[in-house]
file start.cif (mmCIF, C-alpha atoms)
data_upload
loop_
_atom_site.label_atom_id
_atom_site.label_comp_id
_atom_site.auth_asym_id
_atom_site.auth_seq_id
_atom_site.Cartn_x
_atom_site.Cartn_y
_atom_site.Cartn_z
CA MET F 1 50.50 87.55 -112.78
CA SER F 2 54.18 87.55 -113.44
CA GLN F 3 56.84 87.19 -110.83
CA ASN F 4 59.99 89.11 -110.09
CA SER F 5 61.41 86.50 -107.73
CA GLY F 6 64.62 88.33 -106.94
CA SER F 7 62.74 90.89 -104.88
CA CYS F 8 61.57 88.54 -102.09
CA LEU F 9 64.77 89.23 -100.23
CA GLU F 10 64.05 92.93 -99.90
CA VAL F 11 60.70 92.16 -98.22
CA ILE F 12 62.30 89.75 -95.78
CA GLU F 13 65.08 92.21 -95.04
CA TYR F 14 62.65 95.09 -94.53
CA PHE F 15 60.36 93.26 -92.08
CA LYS F 16 63.37 91.92 -90.21
CA GLU F 17 64.97 95.34 -89.83
CA ARG F 18 61.86 97.43 -89.30
CA PHE F 19 59.68 95.16 -87.18
CA GLY F 20 62.13 92.60 -85.81
CA ILE F 21 60.40 89.67 -87.54
CA GLY F 22 62.49 86.49 -87.52
CA GLU F 23 64.10 85.79 -90.87
CA GLU F 24 63.55 82.02 -90.53
CA PHE F 25 59.85 82.65 -90.07
CA LEU F 26 59.57 84.83 -93.19
CA ARG F 27 61.61 82.38 -95.26
CA GLU F 28 58.85 79.81 -94.80
CA PHE F 29 56.76 81.77 -97.31
CA GLU F 30 56.98 83.13 -100.82
CA PHE F 31 56.51 86.80 -101.68
CA TYR F 32 55.13 87.01 -105.16
CA PHE F 33 55.62 90.33 -106.90
CA LYS F 34 53.05 91.74 -109.30
CA GLY F 35 52.74 95.41 -110.25
CA ASP F 36 53.83 97.14 -107.06
CA ILE F 37 52.49 94.53 -104.59
CA TYR F 38 54.16 91.67 -102.81
CA TRP F 39 51.65 88.89 -102.08
CA ILE F 40 52.40 86.38 -99.33
CA ILE F 41 51.70 82.77 -100.19
CA GLN F 42 52.72 79.26 -99.25
CA LYS F 43 55.62 77.90 -101.28
CA GLU F 44 53.55 75.00 -102.61
CA VAL F 45 51.14 77.43 -104.28
CA LEU F 46 53.91 78.62 -106.60
CA ASN F 47 55.00 75.06 -107.23
CA SER F 48 51.56 74.12 -108.52
CA SER F 49 51.29 74.08 -112.29
CA SER F 50 47.73 75.43 -111.94
CA LEU F 51 49.11 78.95 -111.76
CA ASP F 52 50.17 78.92 -115.38
CA VAL F 53 46.65 78.18 -116.53
CA TYR F 54 44.69 81.01 -114.91
CA LYS F 55 44.37 84.73 -114.84
CA VAL F 56 44.82 85.29 -111.12
CA TYR F 57 43.13 88.22 -109.32
CA SER F 58 44.71 87.71 -105.95
CA LEU F 59 47.17 85.32 -104.45
CA GLY F 60 47.26 84.88 -100.68
CA PHE F 61 46.96 88.45 -99.43
CA PRO F 62 48.81 91.71 -100.13
CA PHE F 63 51.78 91.84 -97.77
CA ALA F 64 53.69 94.91 -98.86
CA ARG F 65 53.84 97.56 -101.54
CA LYS F 66 56.97 98.63 -103.33
CA LEU F 67 57.17 102.41 -103.51
CA ASP F 68 59.87 104.66 -104.98
CA LYS F 69 61.11 105.33 -101.46
CA GLY F 70 61.13 101.69 -100.39
CA ILE F 71 58.78 99.07 -98.92
CA LYS F 72 55.42 99.86 -97.32
CA PRO F 73 53.81 97.12 -95.22
CA THR F 74 50.08 96.54 -95.63
CA SER F 75 47.73 96.63 -92.67
CA TRP F 76 46.75 93.04 -93.56
CA ALA F 77 50.37 91.99 -93.06
CA LEU F 78 50.82 93.75 -89.73
CA ILE F 79 47.53 92.36 -88.38
CA TRP F 80 48.61 88.88 -89.49
CA LEU F 81 52.10 89.20 -87.96
CA LYS F 82 50.71 90.59 -84.63
CA ASP F 83 52.85 89.20 -81.77
CA LYS F 84 55.79 88.57 -84.08
CA ILE F 85 56.28 92.32 -84.34
CA LYS F 86 59.03 93.20 -81.87
CA LYS F 87 59.68 96.86 -82.58
CA ASN F 88 58.15 99.98 -84.08
CA LYS F 89 54.78 99.05 -82.63
CA ILE F 90 52.75 101.68 -80.82
CA GLU F 91 49.94 100.97 -78.38
CA LEU F 92 47.17 103.58 -78.43
CA ASP F 93 44.09 103.92 -76.27
CA ILE F 94 40.67 103.87 -77.85
CA ASP F 95 40.28 107.67 -77.85
CA LYS F 96 43.59 108.12 -79.62
CA VAL F 97 42.67 105.47 -82.21
CA ARG F 98 39.36 107.23 -82.87
CA GLU F 99 41.12 110.56 -83.20
CA LEU F 100 43.67 109.05 -85.59
CA LEU F 101 41.03 107.43 -87.77
CA LEU F 102 38.95 110.59 -87.91
CA SER F 103 41.65 113.18 -88.41
CA ASN F 104 44.28 111.00 -90.09
CA PHE F 105 47.08 112.47 -87.90
CA ILE F 106 47.80 112.57 -84.18
CA GLU F 107 50.67 113.86 -82.12
CA ILE F 108 52.39 111.21 -80.08
CA ASP F 109 55.38 110.93 -77.84
CA ALA F 110 56.88 107.49 -78.40
CA PRO F 111 60.30 105.93 -78.96
CA LEU F 112 59.73 105.13 -82.63
CA GLU F 113 62.04 105.34 -85.61
CA ARG F 114 60.85 107.39 -88.57
CA GLY F 115 58.94 105.18 -90.97
CA TYR F 116 56.07 102.71 -90.97
CA VAL F 117 54.81 101.41 -87.63
CA ALA F 118 52.26 98.90 -86.36
CA ILE F 119 49.35 100.48 -84.50
CA SER F 120 47.99 98.45 -81.62
CA LEU F 121 44.80 98.72 -79.57
CA ASN F 122 44.36 96.67 -76.38
CA GLY F 123 47.17 94.41 -77.56
CA ASP F 124 45.70 93.79 -81.04
CA VAL F 125 47.58 95.13 -84.03
CA ILE F 126 44.97 97.03 -86.06
CA GLY F 127 47.06 98.23 -88.98
CA CYS F 128 49.75 100.43 -90.37
CA GLY F 129 50.75 104.01 -89.57
CA PHE F 130 53.60 106.30 -90.55
CA TYR F 131 55.63 108.04 -87.87
CA LYS F 132 57.71 111.15 -88.38
CA GLU F 133 58.90 113.70 -85.80
CA GLY F 134 56.18 113.21 -83.21
CA ILE F 135 53.32 112.84 -85.73
CA LEU F 136 51.58 109.54 -86.48
CA ARG F 137 49.64 109.27 -89.74
CA ALA F 138 47.04 106.54 -90.31
CA GLU F 139 47.78 104.22 -93.23
CA ILE F 140 44.82 101.89 -92.69
CA PRO F 141 42.72 101.58 -95.88
CA LYS F 142 39.74 103.95 -95.86
CA SER F 143 37.04 101.29 -96.13
CA ARG F 144 38.57 99.37 -93.21
CA ARG F 145 38.86 102.60 -91.21
CA LYS F 146 35.16 103.25 -91.61
CA THR F 147 34.14 99.83 -90.31
CA LEU F 148 36.64 100.05 -87.47
CA LEU F 149 35.23 103.42 -86.42
CA GLU F 150 31.74 101.93 -86.35
CA ILE F 151 32.99 99.20 -84.02
CA LEU F 152 34.80 101.62 -81.71
CA MET K 1 6.57 75.80 -99.41
CA HIS K 2 3.44 73.67 -99.05
CA ARG K 3 4.53 71.47 -101.93
CA TYR K 4 7.19 70.07 -99.57
CA ARG K 5 4.66 69.02 -96.94
CA GLY K 6 5.01 65.39 -97.93
CA ILE K 7 8.81 65.32 -97.70
CA ILE K 8 9.58 67.51 -94.69
CA PRO K 9 9.03 65.59 -91.45
CA ARG K 10 7.40 67.24 -88.43
CA TRP K 11 5.87 69.89 -90.68
CA ASP K 12 4.40 72.06 -87.90
CA GLU K 13 7.76 72.22 -86.19
CA PHE K 14 9.38 73.19 -89.50
CA ILE K 15 6.90 76.03 -90.06
CA GLU K 16 7.22 77.22 -86.49
CA ILE K 17 11.02 77.46 -86.50
CA SER K 18 11.05 78.92 -90.01
CA ARG K 19 9.31 82.00 -88.65
CA LEU K 20 12.03 82.56 -86.06
CA PRO K 21 15.24 84.44 -86.82
CA LEU K 22 18.43 82.44 -87.13
CA PRO K 23 20.64 82.18 -84.08
CA LYS K 24 23.88 84.18 -84.16
CA THR K 25 26.64 81.76 -85.12
CA ILE K 26 30.40 82.07 -85.62
CA ARG K 27 33.26 79.89 -86.82
CA VAL K 28 36.52 80.47 -84.97
CA ASN K 29 39.35 81.15 -87.41
CA THR K 30 41.87 78.73 -85.94
CA LEU K 31 44.43 79.99 -88.47
CA LYS K 32 44.64 83.14 -86.33
CA ILE K 33 43.54 82.20 -82.81
CA SER K 34 42.82 79.09 -80.77
CA VAL K 35 39.27 78.17 -79.84
CA GLU K 36 40.16 78.50 -76.15
CA GLU K 37 41.66 81.97 -76.56
CA LEU K 38 38.75 83.35 -78.56
CA THR K 39 36.03 81.86 -76.37
CA LYS K 40 37.76 83.29 -73.30
CA ARG K 41 37.98 86.68 -74.95
CA LEU K 42 34.35 86.73 -76.10
CA SER K 43 33.08 85.39 -72.78
CA ALA K 44 34.84 88.31 -71.08
CA LYS K 45 32.63 90.63 -73.17
CA GLY K 46 29.58 88.92 -71.70
CA TRP K 47 28.84 86.75 -74.76
CA LYS K 48 27.41 83.32 -74.05
CA LEU K 49 28.82 80.65 -76.35
CA LYS K 50 27.37 77.24 -77.06
CA ARG K 51 29.58 74.80 -78.98
CA CYS K 52 28.14 73.09 -82.04
CA SER K 53 27.59 69.34 -81.66
CA PHE K 54 29.36 68.40 -84.91
CA CYS K 55 32.05 71.08 -85.27
CA ASP K 56 34.15 71.99 -82.27
CA TYR K 57 35.22 75.39 -83.60
CA PHE K 58 31.67 76.58 -84.35
CA PHE K 59 29.50 78.36 -81.79
CA GLU K 60 26.04 79.73 -81.26
CA VAL K 61 26.33 83.12 -79.59
CA GLU K 62 23.94 84.81 -77.22
CA CYS K 63 24.68 88.50 -76.81
CA GLU K 64 23.10 91.93 -77.08
CA ASP K 65 25.87 93.16 -79.41
CA SER K 66 25.97 92.79 -83.16
CA ILE K 67 28.46 89.98 -83.86
CA ALA K 68 29.45 91.77 -87.09
CA ASN K 69 30.41 94.90 -85.15
CA ALA K 70 33.12 93.45 -82.97
CA ILE K 71 36.85 94.03 -83.20
CA GLU K 72 37.43 90.24 -83.19
CA HIS K 73 35.39 89.97 -86.37
CA TRP K 74 37.18 92.92 -87.96
CA LEU K 75 40.53 91.29 -87.18
CA GLY K 76 39.45 88.00 -88.78
CA LEU K 77 39.43 85.99 -85.57
CA TYR K 78 36.03 84.58 -86.51
CA TYR K 79 33.72 84.28 -89.51
CA ILE K 80 29.98 84.79 -89.24
CA GLN K 81 28.51 81.70 -90.78
CA GLU K 82 25.29 79.73 -90.81
CA ALA K 83 25.58 76.16 -89.50
CA THR K 84 24.26 74.49 -92.67
CA SER K 85 27.11 75.91 -94.73
CA LEU K 86 29.64 73.99 -92.61
CA ILE K 87 28.50 70.68 -94.03
CA ALA K 88 29.85 70.90 -97.60
CA PRO K 89 33.51 71.65 -96.64
CA LEU K 90 33.39 68.97 -93.93
CA ALA K 91 32.02 66.47 -96.46
CA LEU K 92 34.72 67.36 -98.99
CA ASP K 93 37.35 66.73 -96.30
CA PRO K 94 40.17 68.68 -98.01
CA LYS K 95 43.71 67.63 -97.04
CA PRO K 96 46.73 69.92 -96.62
CA ASN K 97 48.52 68.48 -99.66
CA GLU K 98 45.58 68.72 -102.05
CA VAL K 99 44.59 71.15 -104.79
CA ILE K 100 40.96 72.18 -104.40
CA LEU K 101 38.61 74.10 -106.64
CA ASP K 102 35.82 76.22 -105.19
CA LEU K 103 33.92 77.02 -108.37
CA CYS K 104 31.33 79.46 -106.94
CA ALA K 105 33.29 80.74 -103.98
CA ALA K 106 31.91 84.17 -103.02
CA PRO K 107 31.57 85.49 -100.37
CA GLY K 108 34.10 82.98 -99.08
CA GLY K 109 32.56 81.09 -96.16
CA LYS K 110 33.40 77.71 -97.64
CA THR K 111 36.79 78.78 -99.02
CA THR K 112 37.93 80.17 -95.67
CA HIS K 113 36.58 77.13 -93.87
CA MET K 114 38.45 74.76 -96.20
CA ALA K 115 41.67 76.76 -95.78
CA GLN K 116 41.24 76.33 -92.04
CA ILE K 117 40.73 72.57 -92.35
CA MET K 118 43.86 72.42 -94.57
CA GLY K 119 45.90 74.40 -92.04
CA ASN K 120 46.55 77.07 -94.69
CA ARG K 121 48.52 74.49 -96.75
CA GLY K 122 47.96 72.96 -100.20
CA LEU K 123 46.14 75.14 -102.68
CA ILE K 124 42.59 76.40 -103.08
CA VAL K 125 41.53 78.06 -106.31
CA ALA K 126 38.56 80.20 -105.28
CA ASN K 127 36.56 81.34 -108.27
CA ASP K 128 33.56 83.58 -108.76
CA VAL K 129 32.30 86.09 -111.25
CA LYS K 130 33.66 89.64 -111.24
CA GLY K 131 32.02 92.47 -109.29
CA LYS K 132 30.74 92.93 -105.79
CA ARG K 133 30.82 89.20 -104.98
CA LEU K 134 34.45 88.86 -106.01
CA ARG K 135 35.42 91.87 -103.91
CA ALA K 136 33.65 90.34 -100.91
CA LEU K 137 35.51 87.07 -101.50
CA MET K 138 38.91 88.76 -101.66
CA ALA K 139 38.17 90.88 -98.57
CA ASN K 140 37.35 87.71 -96.61
CA VAL K 141 40.43 85.88 -97.90
CA TYR K 142 42.60 88.80 -96.71
CA ARG K 143 40.78 89.28 -93.41
CA MET K 144 41.05 85.61 -92.51
CA GLY K 145 44.75 85.55 -93.50
CA LEU K 146 44.65 82.83 -96.17
CA ILE K 147 47.99 82.10 -97.80
CA ASN K 148 47.03 78.93 -99.65
CA THR K 149 44.35 80.52 -101.82
CA ILE K 150 44.33 82.18 -105.21
CA VAL K 151 41.28 84.00 -106.52
CA THR K 152 40.12 83.81 -110.13
CA ALA K 153 37.14 85.44 -111.80
CA TYR K 154 35.77 83.21 -114.52
CA SER K 155 32.17 82.47 -115.27
CA GLY K 156 31.84 78.93 -113.90
CA PHE K 157 31.00 77.54 -117.34
CA PHE K 158 34.12 79.05 -118.87
CA PHE K 159 36.58 78.08 -116.14
CA PRO K 160 39.67 76.99 -118.12
CA ASP K 161 40.25 73.30 -118.68
CA GLY K 162 43.71 71.85 -118.58
CA PHE K 163 44.48 71.49 -114.91
CA LYS K 164 42.82 68.68 -112.95
CA PHE K 165 41.98 69.21 -109.28
CA ASP K 166 42.03 66.64 -106.49
CA LYS K 167 38.63 67.81 -105.28
CA ALA K 168 36.01 70.45 -106.08
CA ILE K 169 33.20 72.10 -104.23
CA VAL K 170 30.34 73.59 -106.18
CA ASP K 171 27.95 75.61 -104.05
CA VAL K 172 25.70 76.76 -106.84
CA PRO K 173 23.50 79.85 -107.13
CA CYS K 174 20.02 78.67 -106.15
CA SER K 175 16.51 79.79 -105.25
CA GLY K 176 17.61 80.10 -101.63
CA GLU K 177 14.52 78.63 -99.99
CA GLY K 178 16.71 77.49 -97.12
CA ASN K 179 17.34 81.13 -96.24
CA LEU K 180 13.74 81.61 -95.16
CA ARG K 181 14.78 82.55 -91.63
CA LYS K 182 16.83 85.44 -92.99
CA ASP K 183 14.12 86.53 -95.41
CA PRO K 184 10.56 85.69 -94.27
CA LYS K 185 9.15 86.26 -97.77
CA ARG K 186 10.80 83.00 -98.78
CA ILE K 187 8.29 81.06 -96.68
CA ASN K 188 6.09 81.06 -99.80
CA GLY K 189 8.72 79.08 -101.71
CA ALA K 190 10.44 80.00 -104.95
CA GLU K 191 8.70 80.60 -108.29
CA PRO K 192 8.51 77.33 -110.29
CA ARG K 193 9.68 79.16 -113.41
CA PHE K 194 12.78 80.41 -111.60
CA ILE K 195 13.52 76.96 -110.21
CA LYS K 196 13.32 75.45 -113.67
CA GLN K 197 15.57 78.13 -115.10
CA ILE K 198 18.24 77.93 -112.41
CA SER K 199 18.22 74.15 -112.41
CA GLY K 200 19.70 74.25 -115.94
CA LEU K 201 22.51 76.48 -114.74
CA GLN K 202 23.17 74.20 -111.77
CA LYS K 203 23.39 71.12 -113.99
CA GLY K 204 25.95 72.85 -116.18
CA LEU K 205 28.05 73.99 -113.22
CA LEU K 206 28.09 70.54 -111.63
CA LEU K 207 29.16 68.90 -114.92
CA LYS K 208 31.89 71.52 -115.31
CA ALA K 209 33.17 70.85 -111.77
CA ILE K 210 33.26 67.10 -112.49
CA ASP K 211 35.23 67.71 -115.69
CA LEU K 212 37.79 69.74 -113.76
CA VAL K 213 38.55 66.97 -111.24
CA LYS K 214 41.01 64.07 -111.66
CA PRO K 215 39.65 60.53 -112.01
CA GLY K 216 39.23 59.24 -108.47
CA GLY K 217 38.63 62.78 -107.21
CA VAL K 218 35.71 64.03 -105.16
CA ILE K 219 33.08 66.66 -105.97
CA VAL K 220 30.72 68.09 -103.36
CA TYR K 221 27.56 69.74 -104.66
CA SER K 222 25.55 71.97 -102.34
CA THR K 223 22.65 74.38 -102.34
CA CYS K 224 20.66 76.33 -99.77
CA THR K 225 17.29 75.30 -101.09
CA PHE K 226 14.72 72.56 -100.63
CA ALA K 227 13.62 72.25 -104.27
CA PRO K 228 14.30 68.69 -105.54
CA GLU K 229 14.62 70.15 -109.05
CA GLU K 230 17.74 72.00 -107.82
CA ASN K 231 19.04 69.15 -105.68
CA GLU K 232 18.40 65.48 -106.47
CA ALA K 233 17.43 66.21 -110.09
CA VAL K 234 20.74 68.03 -110.69
CA VAL K 235 22.74 65.19 -109.15
CA GLN K 236 20.72 62.64 -111.13
CA HIS K 237 21.57 64.52 -114.32
CA ALA K 238 25.30 64.32 -113.44
CA LEU K 239 25.03 60.57 -112.73
CA LYS K 240 23.54 60.14 -116.18
CA LYS K 241 25.99 62.36 -118.06
CA ARG K 242 29.30 61.56 -116.36
CA ASP K 243 31.11 58.53 -114.92
CA VAL K 244 30.51 59.44 -111.26
CA VAL K 245 28.99 57.70 -108.26
CA LEU K 246 27.38 58.98 -105.11
CA GLU K 247 29.27 58.44 -101.87
CA GLU K 248 28.06 58.37 -98.33
CA ILE K 249 28.99 61.46 -96.32
CA LYS K 250 30.68 59.88 -93.34
CA GLU K 251 32.60 62.96 -92.26
CA VAL K 252 29.62 64.69 -90.64
CA ASP K 253 27.25 63.23 -88.11
CA ILE K 254 24.23 65.50 -88.08
CA PRO K 255 20.51 65.13 -87.67
CA CYS K 256 19.09 65.47 -91.19
CA CYS K 257 16.93 63.79 -93.82
CA ARG K 258 18.19 61.65 -96.69
CA GLY K 259 17.93 62.57 -100.36
CA LEU K 260 14.69 61.64 -102.10
CA ASP K 261 14.22 58.59 -104.28
CA ARG K 262 11.40 60.23 -106.21
CA TRP K 263 9.73 63.60 -106.65
CA GLU K 264 6.52 64.13 -108.59
CA ASP K 265 7.17 62.27 -111.87
CA LEU K 266 10.95 62.07 -111.37
CA LYS K 267 12.70 58.91 -110.16
CA PHE K 268 16.18 59.11 -108.71
CA ASP K 269 19.12 56.75 -108.20
CA ARG K 270 18.89 54.45 -105.16
CA LYS K 271 22.09 55.93 -103.80
CA MET K 272 20.45 59.36 -103.57
CA TYR K 273 19.92 58.14 -100.02
CA TYR K 274 23.56 59.14 -99.42
CA THR K 275 22.79 62.81 -100.02
CA LEU K 276 21.69 65.07 -97.16
CA ARG K 277 18.67 67.34 -96.82
CA ILE K 278 18.95 69.79 -93.95
CA TYR K 279 15.85 71.48 -92.60
CA PRO K 280 15.82 74.35 -90.09
CA HIS K 281 14.32 72.27 -87.29
CA HIS K 282 17.10 69.65 -87.51
CA PHE K 283 19.64 71.75 -85.63
CA ASN K 284 18.17 75.25 -85.44
CA SER K 285 19.76 76.44 -88.68
CA GLY K 286 18.86 77.39 -92.22
CA GLY K 287 18.18 74.74 -94.83
CA GLY K 288 20.21 73.13 -97.56
CA TYR K 289 21.30 70.10 -99.50
CA VAL K 290 24.69 68.35 -99.87
CA ALA K 291 25.78 65.53 -102.20
CA LYS K 292 29.18 63.92 -102.50
CA LEU K 293 30.26 62.38 -105.79
CA ARG K 294 33.35 60.44 -106.80
CA LYS K 295 34.63 60.62 -110.35
CA LEU K 296 35.48 57.20 -111.73
CA SER K 297 37.02 58.13 -115.07
#
call {"tool": "encode", "arguments": {"input": "start.cif", "output": "structure tokens"}}
result
Amino acid sequence: MSQNSGSCLEVIEYFKERFGIGEEFLREFEFYFKGDIYWIIQKEVLNSSSLDVYKVYSLGFPFARKLDKGIKPTSWALIWLKDKIKKNKIELDIDKVRELLLSNFIEIDAPLERGYVAISLNGDVIGCGFYKEGILRAEIPKSRRKTLLEIL
Amino acid sequence: MHRYRGIIPRWDEFIEISRLPLPKTIRVNTLKISVEELTKRLSAKGWKLKRCSFCDYFFEVECEDSIANAIEHWLGLYYIQEATSLIAPLALDPKPNEVILDLCAAPGGKTTHMAQIMGNRGLIVANDVKGKRLRALMANVYRMGLINTIVTAYSGFFFPDGFKFDKAIVDVPCSGEGNLRKDPKRINGAEPRFIKQISGLQKGLLLKAIDLVKPGGVIVYSTCTFAPEENEAVVQHALKKRDVVLEEIKEVDIPCCRGLDRWEDLKFDRKMYYTLRIYPHHFNSGGGYVAKLRKLS
């Protein structure tokens, strides 16, 4: 893995602006960039000389993806951040979640800004969605969707 | 399994419990939720939870539901784990400032447990071979929210030298006789030829783990089998080939048997007494073996 360290700031800025996550909280961690993924890790992991020795497959967990249009949060990140998310979070009932997972889109009426949102069920953040003009699209990875549907 | 009749105490009890399925057991992921919060939440679903005597974040669960098909599991609030597999990470006693190697890490029960003990600090290098097992390991690392862990995919024997770890855990591939409650066919015991074959692999992996640890560092060796050829004989080989000593496992107070001092024509080190043999009737679990070694130079 190679690091583009200058980009950490754009992740911090994005989560602060989009989800209201405290900057001080995010600054406690490192966001390691490889390919198009930002991985969240403890600072001491990067300080360890062990990293230079190995071919690393994953590092902490994927926190966000860098797309042409900007940053996309991962469902892993939103689940992990849970209560720290202060805005652009939508609570759905179980029927709506099922419908979303099955059809990929649902119509909703909610005070959300266009862009990525955290989807919540009974108070638990269950992953990422994309909201645009009254339509919510599921962005939860397909394999995770399948297991979630089995549970619901 | 009959060849162990002379070393497994209360044989009838052992056979009786071995025919019963394992209890449902979970480890609370305290990196994501407190024990109190999760137990309250699961109790509200009608689950009955009984706390483990030697690990206060581990529970036996009585419920009609599948514990794998629960939203709390999906969210990573708990890990489904068998009680015996708690012992090795507890014996290793990883500290938040240490660098730990988990040489055969998949599917991640021990890695995620160690990360929890370390409070998600320090560094764990979790290694396993590529493929399905590695994918399972990464999925569990992500689900449990580990941010002190990197995953590598080397064959254990070819794990790069150069960096020396504070501690290592090596939970080797084994004949799995201790899983007899998950797979009743195992009640017949493993094939001697297979045991002999895999014992060579285990010896190599343990030596490799020792070589990757700093002088003064600790190595915990574990299996889920009863075969002395895969347990004491492997540790004995390491004592002979490397400058290591066996240490008493003081971190865990569990009912168990001590390592053997002899088996058939093999004689083992006196300190093999420090190693632990866990049988299913000790605390209603699977079976396994744990040894703790310290590297001298």
call {"tool": "resolve_selection", "arguments": {"input": "start.cif", "expression": "the PyMOL selection byres ((chain F) within 10 of (chain K))", "output": "PyMOL selection string"}}
result
chain F and resi 29-30+39-63+76-77+79-82+121+124-127+144+147-152
call {"tool": "closest_residue", "arguments": {"input": "start.cif", "among": "K:Phe58, K:Glu232, K:Val218, K:Ser53", "to": "Arg270 of chain K", "atoms": "all atoms listed in the file"}}
result
K:Glu232
call {"tool": "atom_distance", "arguments": {"input": "start.cif", "atom1": "atom CA of Val220 of chain K", "atom2": "atom CA of Ile278 of chain K"}}
result
15.2 Å
call {"tool": "resolve_selection", "arguments": {"input": "start.cif", "expression": "the PyMOL selection byres ((chain K and resi 172) around 7)", "output": "ChimeraX atom specification"}}
result
/K:104,170-171,173-174,202,222-223
call {"tool": "residues_around", "arguments": {"input": "start.cif", "residues": "Arg3 of chain K", "least_positions_apart": "3", "cutoff": "10 Å", "atoms": "only C-alpha atoms", "output": "PyMOL selection string"}}
result
chain K and resi 6-8+188-189+227
call {"tool": "resolve_selection", "arguments": {"input": "start.cif", "expression": "the PyMOL selection byres ((chain F and resi 17-24) around 6)", "output": "ChimeraX atom specification"}}
result
/F:14-16,25-27,84-88
call {"tool": "residues_around", "arguments": {"input": "start.cif", "residues": "Leu38 of chain K", "least_positions_apart": "3", "cutoff": "10 Å", "atoms": "all atoms listed in the file", "output": "ChimeraX atom specification"}}
result
/K:28-30,32-35,41-44,72,77-78
call {"tool": "write_last_selection", "arguments": {"input": "start.cif", "atoms": "C-alpha atoms", "output": "mmCIF file, in the coordinates of the input"}}
result
data_model
loop_
_atom_site.group_PDB
_atom_site.id
_atom_site.type_symbol
_atom_site.label_atom_id
_atom_site.label_comp_id
_atom_site.auth_asym_id
_atom_site.auth_seq_id
_atom_site.Cartn_x
_atom_site.Cartn_y
_atom_site.Cartn_z
ATOM 1 C CA VAL K 28 36.520 80.470 -84.970
ATOM 2 C CA ASN K 29 39.350 81.150 -87.410
ATOM 3 C CA THR K 30 41.870 78.730 -85.940
ATOM 4 C CA LYS K 32 44.640 83.140 -86.330
ATOM 5 C CA ILE K 33 43.540 82.200 -82.810
ATOM 6 C CA SER K 34 42.820 79.090 -80.770
ATOM 7 C CA VAL K 35 39.270 78.170 -79.840
ATOM 8 C CA ARG K 41 37.980 86.680 -74.950
ATOM 9 C CA LEU K 42 34.350 86.730 -76.100
ATOM 10 C CA SER K 43 33.080 85.390 -72.780
ATOM 11 C CA ALA K 44 34.840 88.310 -71.080
ATOM 12 C CA GLU K 72 37.430 90.240 -83.190
ATOM 13 C CA LEU K 77 39.430 85.990 -85.570
ATOM 14 C CA TYR K 78 36.030 84.580 -86.510
#
call {"tool": "closest_residue", "arguments": {"input": "start.cif", "among": "F:Cys8, F:Leu136, F:Leu78, F:Val117", "to": "Lys96 of chain F", "atoms": "all atoms listed in the file"}}
result
F:Leu136
call {"tool": "residues_around", "arguments": {"input": "start.cif", "residues": "Asn231 of chain K", "least_positions_apart": "3", "cutoff": "12 Å", "atoms": "all atoms listed in the file", "output": "VMD selection string"}}
result
chain K and resid 171 to 177 195 to 196 198 to 200 202 to 203 206 220 to 228 234 to 238 258 to 263 268 272 275 to 278 288 to 292
call {"tool": "write_last_selection", "arguments": {"input": "start.cif", "atoms": "C-alpha atoms", "output": "tab-separated table (two decimals), keeping the file's coordinate frame"}}
result
chain	number	residue	atom	x	y	z
K	171	ASP	CA	27.95	75.61	-104.05
K	172	VAL	CA	25.70	76.76	-106.84
K	173	PRO	CA	23.50	79.85	-107.13
K	174	CYS	CA	20.02	78.67	-106.15
K	175	SER	CA	16.51	79.79	-105.25
K	176	GLY	CA	17.61	80.10	-101.63
K	177	GLU	CA	14.52	78.63	-99.99
K	195	ILE	CA	13.52	76.96	-110.21
K	196	LYS	CA	13.32	75.45	-113.67
K	198	ILE	CA	18.24	77.93	-112.41
K	199	SER	CA	18.22	74.15	-112.41
K	200	GLY	CA	19.70	74.25	-115.94
K	202	GLN	CA	23.17	74.20	-111.77
K	203	LYS	CA	23.39	71.12	-113.99
K	206	LEU	CA	28.09	70.54	-111.63
K	220	VAL	CA	30.72	68.09	-103.36
K	221	TYR	CA	27.56	69.74	-104.66
K	222	SER	CA	25.55	71.97	-102.34
K	223	THR	CA	22.65	74.38	-102.34
K	224	CYS	CA	20.66	76.33	-99.77
K	225	THR	CA	17.29	75.30	-101.09
K	226	PHE	CA	14.72	72.56	-100.63
K	227	ALA	CA	13.62	72.25	-104.27
K	228	PRO	CA	14.30	68.69	-105.54
K	234	VAL	CA	20.74	68.03	-110.69
K	235	VAL	CA	22.74	65.19	-109.15
K	236	GLN	CA	20.72	62.64	-111.13
K	237	HIS	CA	21.57	64.52	-114.32
K	238	ALA	CA	25.30	64.32	-113.44
K	258	ARG	CA	18.19	61.65	-96.69
K	259	GLY	CA	17.93	62.57	-100.36
K	260	LEU	CA	14.69	61.64	-102.10
K	261	ASP	CA	14.22	58.59	-104.28
K	262	ARG	CA	11.40	60.23	-106.21
K	263	TRP	CA	9.73	63.60	-106.65
K	268	PHE	CA	16.18	59.11	-108.71
K	272	MET	CA	20.45	59.36	-103.57
K	275	THR	CA	22.79	62.81	-100.02
K	276	LEU	CA	21.69	65.07	-97.16
K	277	ARG	CA	18.67	67.34	-96.82
K	278	ILE	CA	18.95	69.79	-93.95
K	288	GLY	CA	20.21	73.13	-97.56
K	289	TYR	CA	21.30	70.10	-99.50
K	290	VAL	CA	24.69	68.35	-99.87
K	291	ALA	CA	25.78	65.53	-102.20
K	292	LYS	CA	29.18	63.92	-102.50
call {"tool": "atom_distance", "arguments": {"input": "start.cif", "atom1": "atom CA of Glu16 of chain K", "atom2": "atom CA of Glu60 of chain K"}}
result
19.7 Å
